[in-house]
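A.B. asks: One structure follows; several queries about it will come next.
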Amino acid sequence: MKITLNQPYSFTQLGGRANQEDARFPDEDRPQGCAPFFLVCDGVGGSEKGEVASHTVCAAFAKALVGTDWSEDFSTEAFQAALGYAYKQMDKASTPENAGMATTLTFVCFHAGGCLAAHMGDSRIYQVRPGAGILYRSDDHSLVNALVHSGNLTPEAAENHPNSNVITRYIAAPGAGGERLEATVMRIDDICAGDYFFLCSDGVLERVSDEQLVDILSSPDSDEEKAARLADMSRDSNDNNTAYLIPIAAVEGDDVSDGNVTDDTSEGPSTLNFSRRPTQALDVSSASDVSLGSRVKGFFKKLFR
């Protein structure tokens, strides 16, 4: 599979917080010549150095994936190895002052088989196809979402639930007594020219609904203008807000569906040449969820903010 990315765009804003606990990779609004992987992380716990956790994980993935041959299939095992390295780096960064630090994770990469997407917590990943809508949206690892799925809470009641910030998966330092939790991993090969992948922390979700996201990404605006609109909408969020918008310019290979190439090519697309190995969208998370009770006791996101 040969994938061409248009210029990615990103933003990171304080919102209503005094401290920035979000992190991203690459740490640029308009990255140039970057490798085909992207992260957004949201540090957990304002009094527990969430910014250390989020930046540690982004830096760990950047180091772990240096030298990766993206013209080959990027396997789930390769992702798990990078995640394992991130856990080790979190352990090294842990001190008595930040022993409770943790972070959410969103990760996407483009490789010979398509896209591998992985997440932990309530930061989110979208695949949006203008004209079709949302093809993929990651399912938040949160207490409220678990209650909705179990039938113990209605979606309407979930919207303003007092425990909406309690998350059930995160990356914490294992040596500090935290559990080594698994990410949910998706392998996606239904990718067309004109698609968008969008990664964001929950501060963005506070201001941008699914419907608004689809409307903006389906508009005739340039990709830069779309990213700017999303940033403007998120600017006054109560929380830090960070996002990455990744436009797909072209996809070529066996059995690839035709799509419309976006017009925003003024910066010149970043071309990634891949040989295709067919895959399918599949949740390959290998570990069963730890019981809801232990997750609730394990961590309360932003409890001390």
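In the structure tokens, chains take the letters A, B, ... in the order shown, each chain's residues start at 1, and ligands count up from 1 in the order shown.
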Among the residues of range 24-257 of chain A, find those DSSP assigns to helix (DSSP H, G or I) from the backbone and print them as a PyMOL selection string.
C.D. replies: chain A and resi 50-64+76-93+143-149+155-158+174-176+202-205+210-217+223-234
A.B. asks: With 9 Å as the cut-off and only C-alpha atoms counted, what is the closest atom pair between each nearby residue of range 135-247 of chain A and range 38-59 of chain A? Distances in Å to one decimal, ordered by chain and number, as a tab-separated table.
C.D. replies:
```
residue	atom	partner	partner_atom	distance
A:Tyr170	CA	A:Val44	CA	8.5
A:Ile171	CA	A:Ala53	CA	8.1
A:Ala172	CA	A:Ala53	CA	7.7
A:Ala173	CA	A:Ala53	CA	8.7
A:Leu199	CA	A:Val40	CA	6.4
A:Cys200	CA	A:Val40	CA	6.3
A:Ser201	CA	A:Asp42	CA	6.1
A:Asp202	CA	A:Asp42	CA	8.1
A:Asn240	CA	A:Asp42	CA	8.3
A:Asn241	CA	A:Asp42	CA	8.8
A:Thr242	CA	A:Val40	CA	7.1
A:Ala243	CA	A:Val40	CA	6.8
A:Tyr244	CA	A:Val40	CA	7.4
A:Ile246	CA	A:Phe38	CA	8.9
```
A.B. asks: In Å, with one decimal, what is the gap from CA of Asn98 in chain A to CA of Glu28 in chain A?
C.D. replies: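 A separation of 26.5 Å between them.
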A.B. asks: Give the answer as one residue: which of A:Pro8, A:Gly15, A:Pro174, A:Gly121 has the shortest atom-to-atom distance to Ala249 in chain A, using only C-alpha atoms?
C.D. replies: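 Of A:Pro8, A:Gly15, A:Pro174, A:Gly121, the one nearest Ala249 in chain A, counting only C-alpha atoms, is A:Pro8.
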A.B. asks: Would you pick out the contacts of range 132-135 of chain A at 10 Å or less, using only C-alpha atoms, so that residues sharing its chain but fewer than 6 positions from it are not included, and give the list as an NGL selection string?
C.D. replies: :A and (126 or 190-191 or 195-197 or 210-211 or 213-215 or 217-218)
A.B. asks: For the residues in that selection, give me N, CA and C atoms as a short mmCIF file (atom, residue, chain, number, x, y, z; two decimals), in the first residue's frame.
C.D. replies:
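Below you can see again38.cif, which holds the result:
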```
data_model
loop_
_atom_site.label_atom_id
_atom_site.label_comp_id
_atom_site.auth_asym_id
_atom_site.auth_seq_id
_atom_site.Cartn_x
_atom_site.Cartn_y
_atom_site.Cartn_z
N TYR A 126 -10.32 9.54 15.93
CA TYR A 126 -11.39 9.46 14.93
C TYR A 126 -10.79 9.16 13.55
N ASP A 190 -9.22 0.04 5.77
CA ASP A 190 -10.18 0.77 4.95
C ASP A 190 -9.83 2.25 5.03
N ILE A 191 -8.92 2.68 4.18
CA ILE A 191 -8.43 4.06 4.17
C ILE A 191 -8.50 4.57 2.74
N ASP A 195 -9.79 10.96 3.48
CA ASP A 195 -10.05 10.64 4.89
C ASP A 195 -9.24 11.56 5.80
N TYR A 196 -9.71 11.69 7.03
CA TYR A 196 -8.96 12.38 8.08
C TYR A 196 -8.83 11.46 9.29
N PHE A 197 -7.67 11.48 9.92
CA PHE A 197 -7.50 10.91 11.25
C PHE A 197 -7.31 12.08 12.20
N ASP A 210 -19.20 15.31 17.97
CA ASP A 210 -18.96 14.46 16.79
C ASP A 210 -19.55 15.11 15.54
N GLU A 211 -20.76 15.63 15.68
CA GLU A 211 -21.44 16.23 14.53
C GLU A 211 -20.68 17.45 14.01
N LEU A 213 -17.47 18.02 14.38
CA LEU A 213 -16.22 17.57 13.79
C LEU A 213 -16.46 17.12 12.35
N VAL A 214 -17.50 16.33 12.12
CA VAL A 214 -17.79 15.85 10.77
C VAL A 214 -18.12 17.03 9.85
N ASP A 215 -18.91 17.98 10.34
CA ASP A 215 -19.28 19.15 9.52
C ASP A 215 -18.04 19.94 9.11
N LEU A 217 -14.83 18.92 8.99
CA LEU A 217 -13.94 18.18 8.11
C LEU A 217 -14.56 17.92 6.74
N SER A 218 -15.87 18.06 6.62
CA SER A 218 -16.55 17.88 5.33
C SER A 218 -16.71 19.20 4.58
#
```
A.B. asks: For the atom pair CA of Ala193 in chain A and CA of Val251 in chain A, what is the interatomic distance in Å to one decimal place?
C.D. replies: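 The value is 5.7 Å.
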A.B. asks: May I have the residues within 7 Å of Cys109 in chain A as a ChimeraX atom specification, using only C-alpha atoms and disregarding those fewer than 5 positions away in the same chain?
C.D. replies: /A:36-38,115-117
A.B. asks: Tell me which of A:Cys192, A:Val144, A:Ala228, A:Ala18 sits closest to Lys2 in chain A, counting only C-alpha atoms.
C.D. replies: A:Cys192
A.B. asks: Write out as JSON, numbers by chain each polymer residue whose atoms come within 12 Å of Gly203 in chain A, counting only C-alpha atoms; drop sequence neighbours fewer than 6 positions from it.
C.D. replies: {"A": [11, 12, 13, 14, 15, 16, 17, 20, 21, 22, 40, 41, 42, 43, 122, 123, 124, 165, 209, 230, 231, 233, 234, 235, 236, 237, 238, 239, 240, 241, 242, 243]}
A.B. asks: Store the residues of this selection in a file with C-alpha atoms, as a compact mmCIF listing (two decimals), in the first residue's frame.
C.D. replies:
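And here's out.txt as it stands now:
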```
# COMPACT_ATOMS: atom_id res chain seq x y z
CA PHE A 11 -2.61 22.72 18.21
CA THR A 12 -2.05 22.65 21.97
CA GLN A 13 -3.71 25.19 24.28
CA LEU A 14 -3.96 25.78 28.02
CA GLY A 15 -7.71 26.25 28.09
CA GLY A 16 -8.86 27.03 31.63
CA ARG A 17 -5.80 25.44 33.29
CA GLN A 20 -0.15 22.35 30.46
CA GLU A 21 -0.37 18.59 31.08
CA ASP A 22 -1.05 17.56 27.48
CA VAL A 40 -1.54 12.93 21.87
CA CYS A 41 -1.30 12.28 25.63
CA ASP A 42 -3.16 13.92 28.52
CA GLY A 43 -1.41 13.85 31.90
CA ASP A 122 -10.50 9.18 27.39
CA SER A 123 -8.34 10.94 24.82
CA ARG A 124 -9.83 9.97 21.47
CA ASN A 165 -13.41 12.30 34.53
CA SER A 209 -19.15 17.37 19.23
CA LEU A 230 -11.22 23.33 15.73
CA ALA A 231 -8.56 25.20 17.72
CA MET A 233 -13.71 26.23 19.24
CA SER A 234 -11.53 24.53 21.87
CA ARG A 235 -9.65 27.60 23.08
CA ASP A 236 -11.93 28.37 26.03
CA SER A 237 -12.29 24.76 27.17
CA ASN A 238 -12.08 24.22 30.93
CA ASP A 239 -9.20 21.80 30.36
CA ASN A 240 -5.99 21.72 28.34
CA ASN A 241 -6.84 20.94 24.73
CA THR A 242 -4.52 19.35 22.19
CA ALA A 243 -5.19 17.73 18.81
```
A.B. asks: Considering only C-alpha atoms, state which residue in the set A:Phe198, A:Tyr136, A:Phe79, A:Trp70 is at the smallest distance from Tyr9 in chain A.
C.D. replies: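 Checking each candidate against Tyr9 in chain A, we get A:Phe198 as the closest.
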A.B. asks: Could you give me, as a PyMOL selection string, the residues within 10 Å of Pro31 in chain A, counting only C-alpha atoms and dropping anything in the same chain fewer than 3 positions from it?
C.D. replies: chain A and resi 7-10+25-28+34-35
A.B. asks: For Ala62 in chain A, which of A:Asp189, A:Phe74, A:Arg180, A:Tyr85 is the closest residue, counting only C-alpha atoms?
C.D. replies: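 So, comparing all the options, the nearest one is A:Tyr85.
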A.B. asks: Could you tell me how far CA of Arg229 in chain A sits from CA of Thr104 in chain A, in Å to one decimal place?
C.D. replies: 24.5 Å
